[in-house]
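Colleague: Can you keep this structure in mind? I'll have questions shortly.
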Amino acid sequence: MNPCPFCFGKMSPTFTNGLPREKCTKCASLWFEGESLVNLVGTEAASVLAQRTKGKPGQCKHCNASLSYVAQCPRCGHDAPACPPCGTAPLAVAKVHGLRMDICPSCNGMALDSSGLERLQQIAAENRPRKPVVTTQELLKTLKKAPCSACQRKQLLKHTFTYDNKLYCGSCAPAGAAPFDIELARASPALAPALGIYLTGNEDVMADAVSMGITWLFKTAASHLLE
């Protein structure tokens, strides 16, 4: 189990919507492997940010002193932020839109402390694409075929029935089943996620805020000079 890049506590692996990461069980900081970031944001955006952070100084988490090519802070004596998998220290500090990112100059992994995570989620919320307004009639045209929970025969969603958060064909629908209603289905916390694969565009599935925020940040950093 890798140590936290900041407090050197134990890191625990976690995973959300395509972006594996490690989270510190002590200070809640996050670590993202360089390869995972490349898979998320693309090789070009990841390599540009990595190139622009090489040679940049790090920063002590205890006294905020600038750190260059030292494994310990010369001012307070605390260990410099270090890469969990490869041990490189100090991590280079880059700032994009007010967010501090500590990046390993060797493996291009990235660390975020708890305050950085809050800022990232705020950035993701501010830059989340607005969903186009779609009328019920327009949405009905996008519905695909779904299998009956009893006989597995597929039919158009608009011809199915719902009961106990499951879909049924007309022949298998139990007593009390109601005809499928797109608006009621989307509003149902239990049924809507199951319907995601049958709705074109998967519009009811929310994107992971961390993954979306990092993608936006990396692509922004790749096209503008870092602070």
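A note on labels: chains of the structure tokens are A, B, ... as shown, every chain counts residues from 1, and ligands are counted from 1 in their shown order.
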Within 10 Å of Gly176 of chain A, counting only C-alpha atoms, which residues show up once you throw out same-chain ones fewer than 4 positions away? Write them as a PyMOL selection string, please.
Modeller: chain A and resi 161-164
Colleague: Write out as a list in words each polymer residue whose atoms come within 9 Å of Ala71 of chain A, counting only C-alpha atoms; drop sequence neighbours fewer than 3 positions from it.
Modeller: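 What passes the distance filter is Leu67, Ser68, His78, Asp79, Ala80, Pro81, Ala82, Thr88, Ala89 and Pro90 of chain A.
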Colleague: Between A:Cys83, A:Val38, A:Cys172, A:Leu91, which is the closest to Thr215 of chain A once you count only C-alpha atoms?
Modeller: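 Of the candidates, the smallest distance to Thr215 of chain A is held by A:Val38.
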Colleague: Have a look at A:Lys145, A:Ser66, A:Thr160, A:Glu126 and name the one nearest to Ala178 of chain A; count only C-alpha atoms.
Modeller: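 Using only C-alpha atoms, Ala178 of chain A sits closest to A:Thr160.
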Colleague: Under the rule that only C-alpha atoms are counted, which of A:Pro179, A:Pro105, A:Gln122, A:Val70 is the nearest residue to Gln51 of chain A?
Modeller: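 Smallest distance to Gln51 of chain A is found for A:Pro105.
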Colleague: Excluding segment 107-119 of chain A and residues on its chain fewer than 3 positions from it, collect all residues at most 10 Å away from it, counting only C-alpha atoms, and give them as a PyMOL selection string.
Modeller: chain A and resi 4-7+21-24+27-38+46-47+49-51+53-54+61+81-86+88+91-93+97-104+122-125+210+213
Colleague: When DSSP is applied to the backbone of this structure, which of segment 40-106 of chain A are assigned strand (DSSP E or B)? Write them out as number ranges by chain.
Modeller: A: 58-59, 66-67, 72, 79, 92-96, 99-103
Colleague: Atom CA of Ser211 of chain A and atom CA of Pro13 of chain A are how many Å apart?
Modeller: 15.5 Å
Colleague: Compile the contact shell of Ala65 of chain A as a tab-separated table (two decimals) with N, CA, C and O atoms, in the first residue's frame: residues with an atom at most 10 Å away, counting only C-alpha atoms, same-chain residues fewer than 6 positions apart removed.
Modeller:
chain	number	residue	atom	x	y	z
A	57	PRO	N	9.53	24.27	-9.09
A	57	PRO	CA	9.75	23.89	-7.69
A	57	PRO	C	8.52	23.28	-7.06
A	57	PRO	O	7.39	23.46	-7.54
A	58	GLY	N	8.75	22.55	-5.97
A	58	GLY	CA	7.65	22.04	-5.18
A	58	GLY	C	7.35	23.02	-4.06
A	58	GLY	O	7.89	24.13	-4.02
A	59	GLN	N	6.48	22.59	-3.15
A	59	GLN	CA	6.11	23.48	-2.05
A	59	GLN	C	5.88	22.65	-0.79
A	59	GLN	O	5.18	21.63	-0.83
A	73	CYS	N	12.35	19.88	3.61
A	73	CYS	CA	12.26	21.33	3.60
A	73	CYS	C	13.41	21.94	4.39
A	73	CYS	O	13.60	21.60	5.57
A	74	PRO	N	14.22	22.83	3.80
A	74	PRO	CA	15.34	23.43	4.51
A	74	PRO	C	14.90	24.41	5.60
A	74	PRO	O	15.67	24.76	6.49
A	75	ARG	N	13.62	24.85	5.53
A	75	ARG	CA	13.13	25.81	6.51
A	75	ARG	C	12.58	25.14	7.76
A	75	ARG	O	12.93	25.52	8.89
A	76	CYS	N	11.72	24.12	7.59
A	76	CYS	CA	11.08	23.50	8.75
A	76	CYS	C	11.51	22.06	8.99
A	76	CYS	O	11.19	21.48	10.03
A	80	ALA	N	9.53	16.57	2.03
A	80	ALA	CA	8.86	17.19	0.89
A	80	ALA	C	7.79	16.25	0.35
A	80	ALA	O	7.89	15.03	0.49
Colleague: Env of Lys219 of chain A: 12 Å cut, atoms = only C-alpha atoms, seq-sep filter 2 positions within chain, self excluded. Answer as a PyMOL selection string.
Modeller: chain A and resi 37-38+40-49+96+212-217+221-226
Colleague: Just to be explicit: take each residue in the selection above, keep C-alpha atoms, and write the result as a CSV table (one decimal), in the first residue's frame.
Modeller:
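Output contents, as saved in again_25.csv:
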chain,number,residue,atom,x,y,z
A,37,LEU,CA,-4.6,10.4,-16.4
A,38,VAL,CA,-3.3,9.7,-20.0
A,40,LEU,CA,-8.7,10.0,-19.3
A,41,VAL,CA,-7.4,13.2,-20.8
A,42,GLY,CA,-5.4,11.9,-23.8
A,43,THR,CA,-1.7,11.7,-24.5
A,44,GLU,CA,-1.4,15.3,-25.8
A,45,ALA,CA,-3.0,17.1,-22.9
A,46,ALA,CA,-1.2,15.0,-20.3
A,47,SER,CA,2.2,15.3,-22.0
A,48,VAL,CA,1.9,19.1,-22.4
A,49,LEU,CA,1.2,19.6,-18.7
A,96,VAL,CA,-4.4,26.1,-13.1
A,212,MET,CA,-14.8,15.6,-15.6
A,213,GLY,CA,-13.0,18.4,-13.7
A,214,ILE,CA,-9.5,16.9,-14.3
A,215,THR,CA,-10.3,16.5,-18.0
A,216,TRP,CA,-11.3,20.1,-18.3
A,217,LEU,CA,-8.3,21.3,-16.3
A,221,ALA,CA,-3.6,23.8,-19.1
A,222,ALA,CA,-2.5,22.3,-22.4
A,223,SER,CA,-3.7,25.4,-24.3
A,224,HIS,CA,-2.6,28.1,-21.9
A,225,LEU,CA,0.6,28.9,-20.0
A,226,LEU,CA,0.5,27.8,-16.4
Colleague: Would you return as a PDB file with N, CA and C atoms, in the first residue's frame the members of segment 66-168 of chain A that DSSP assigns to helix (DSSP H, G or I) on this structure's backbone?
Modeller:
ATOM      1  N   SER A 114      -7.108  17.760   0.158  1.00  0.00           N
ATOM      2  CA  SER A 114      -8.555  17.839   0.339  1.00  0.00           C
ATOM      3  C   SER A 114      -9.127  19.171  -0.145  1.00  0.00           C
ATOM      4  N   SER A 115      -8.391  20.272   0.063  1.00  0.00           N
ATOM      5  CA  SER A 115      -8.875  21.564  -0.418  1.00  0.00           C
ATOM      6  C   SER A 115      -8.849  21.620  -1.939  1.00  0.00           C
ATOM      7  N   GLY A 116      -7.843  20.968  -2.547  1.00  0.00           N
ATOM      8  CA  GLY A 116      -7.774  20.901  -4.002  1.00  0.00           C
ATOM      9  C   GLY A 116      -8.929  20.107  -4.577  1.00  0.00           C
ATOM     10  N   LEU A 117      -9.331  19.052  -3.874  1.00  0.00           N
ATOM     11  CA  LEU A 117     -10.465  18.251  -4.333  1.00  0.00           C
ATOM     12  C   LEU A 117     -11.749  19.075  -4.307  1.00  0.00           C
ATOM     13  N   GLU A 118     -11.929  19.875  -3.267  1.00  0.00           N
ATOM     14  CA  GLU A 118     -13.115  20.741  -3.190  1.00  0.00           C
ATOM     15  C   GLU A 118     -13.132  21.733  -4.352  1.00  0.00           C
ATOM     16  N   ARG A 119     -11.972  22.309  -4.650  1.00  0.00           N
ATOM     17  CA  ARG A 119     -11.876  23.261  -5.752  1.00  0.00           C
ATOM     18  C   ARG A 119     -12.140  22.562  -7.083  1.00  0.00           C
ATOM     19  N   LEU A 120     -11.644  21.335  -7.234  1.00  0.00           N
ATOM     20  CA  LEU A 120     -11.858  20.583  -8.468  1.00  0.00           C
ATOM     21  C   LEU A 120     -13.340  20.311  -8.685  1.00  0.00           C
ATOM     22  N   GLN A 121     -14.043  19.929  -7.628  1.00  0.00           N
ATOM     23  CA  GLN A 121     -15.471  19.657  -7.743  1.00  0.00           C
ATOM     24  C   GLN A 121     -16.244  20.936  -8.078  1.00  0.00           C
ATOM     25  N   GLN A 122     -15.771  22.069  -7.535  1.00  0.00           N
ATOM     26  CA  GLN A 122     -16.394  23.357  -7.860  1.00  0.00           C
ATOM     27  C   GLN A 122     -16.186  23.686  -9.328  1.00  0.00           C
ATOM     28  N   ILE A 123     -14.975  23.464  -9.828  1.00  0.00           N
ATOM     29  CA  ILE A 123     -14.668  23.710 -11.239  1.00  0.00           C
ATOM     30  C   ILE A 123     -15.531  22.828 -12.134  1.00  0.00           C
ATOM     31  N   ALA A 124     -15.687  21.561 -11.736  1.00  0.00           N
ATOM     32  CA  ALA A 124     -16.493  20.636 -12.529  1.00  0.00           C
ATOM     33  C   ALA A 124     -17.939  21.106 -12.599  1.00  0.00           C
ATOM     34  N   ALA A 125     -18.460  21.588 -11.461  1.00  0.00           N
ATOM     35  CA  ALA A 125     -19.846  22.059 -11.433  1.00  0.00           C
ATOM     36  C   ALA A 125     -20.023  23.302 -12.303  1.00  0.00           C
ATOM     37  N   GLU A 126     -19.035  24.198 -12.264  1.00  0.00           N
ATOM     38  CA  GLU A 126     -19.113  25.438 -13.041  1.00  0.00           C
ATOM     39  C   GLU A 126     -19.016  25.195 -14.540  1.00  0.00           C
ATOM     40  N   THR A 136     -40.812  15.534 -24.011  1.00  0.00           N
ATOM     41  CA  THR A 136     -41.161  14.135 -23.791  1.00  0.00           C
ATOM     42  C   THR A 136     -41.335  13.403 -25.117  1.00  0.00           C
ATOM     43  N   GLN A 137     -41.971  14.036 -26.085  1.00  0.00           N
ATOM     44  CA  GLN A 137     -42.199  13.396 -27.373  1.00  0.00           C
ATOM     45  C   GLN A 137     -40.873  13.121 -28.095  1.00  0.00           C
ATOM     46  N   GLU A 138     -39.935  14.061 -27.989  1.00  0.00           N
ATOM     47  CA  GLU A 138     -38.634  13.857 -28.623  1.00  0.00           C
ATOM     48  C   GLU A 138     -37.877  12.721 -27.950  1.00  0.00           C
ATOM     49  N   LEU A 139     -37.977  12.639 -26.611  1.00  0.00           N
ATOM     50  CA  LEU A 139     -37.280  11.604 -25.872  1.00  0.00           C
ATOM     51  C   LEU A 139     -37.863  10.229 -26.166  1.00  0.00           C
ATOM     52  N   LEU A 140     -39.158  10.152 -26.346  1.00  0.00           N
ATOM     53  CA  LEU A 140     -39.798   8.871 -26.655  1.00  0.00           C
ATOM     54  C   LEU A 140     -39.242   8.270 -27.942  1.00  0.00           C
ATOM     55  N   LEU A 157     -39.670   0.239 -25.238  1.00  0.00           N
ATOM     56  CA  LEU A 157     -40.010   0.657 -23.883  1.00  0.00           C
ATOM     57  C   LEU A 157     -41.418   1.226 -23.786  1.00  0.00           C
ATOM     58  N   LYS A 158     -41.825   1.964 -24.832  1.00  0.00           N
ATOM     59  CA  LYS A 158     -43.150   2.592 -24.767  1.00  0.00           C
ATOM     60  C   LYS A 158     -44.281   1.558 -24.779  1.00  0.00           C
ATOM     61  N   HIS A 159     -43.943   0.273 -25.073  1.00  0.00           N
ATOM     62  CA  HIS A 159     -44.954  -0.782 -25.070  1.00  0.00           C
ATOM     63  C   HIS A 159     -44.856  -1.657 -23.827  1.00  0.00           C
TER      64      HIS A 159
END
Colleague: Give me, please, the distance in Å between atom CA of Gly170 of chain A and atom CA of Pro147 of chain A, quoted to one decimal.
Modeller: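 About the pair atom CA of Gly170 of chain A and atom CA of Pro147 of chain A: they are 11.8 Å apart.
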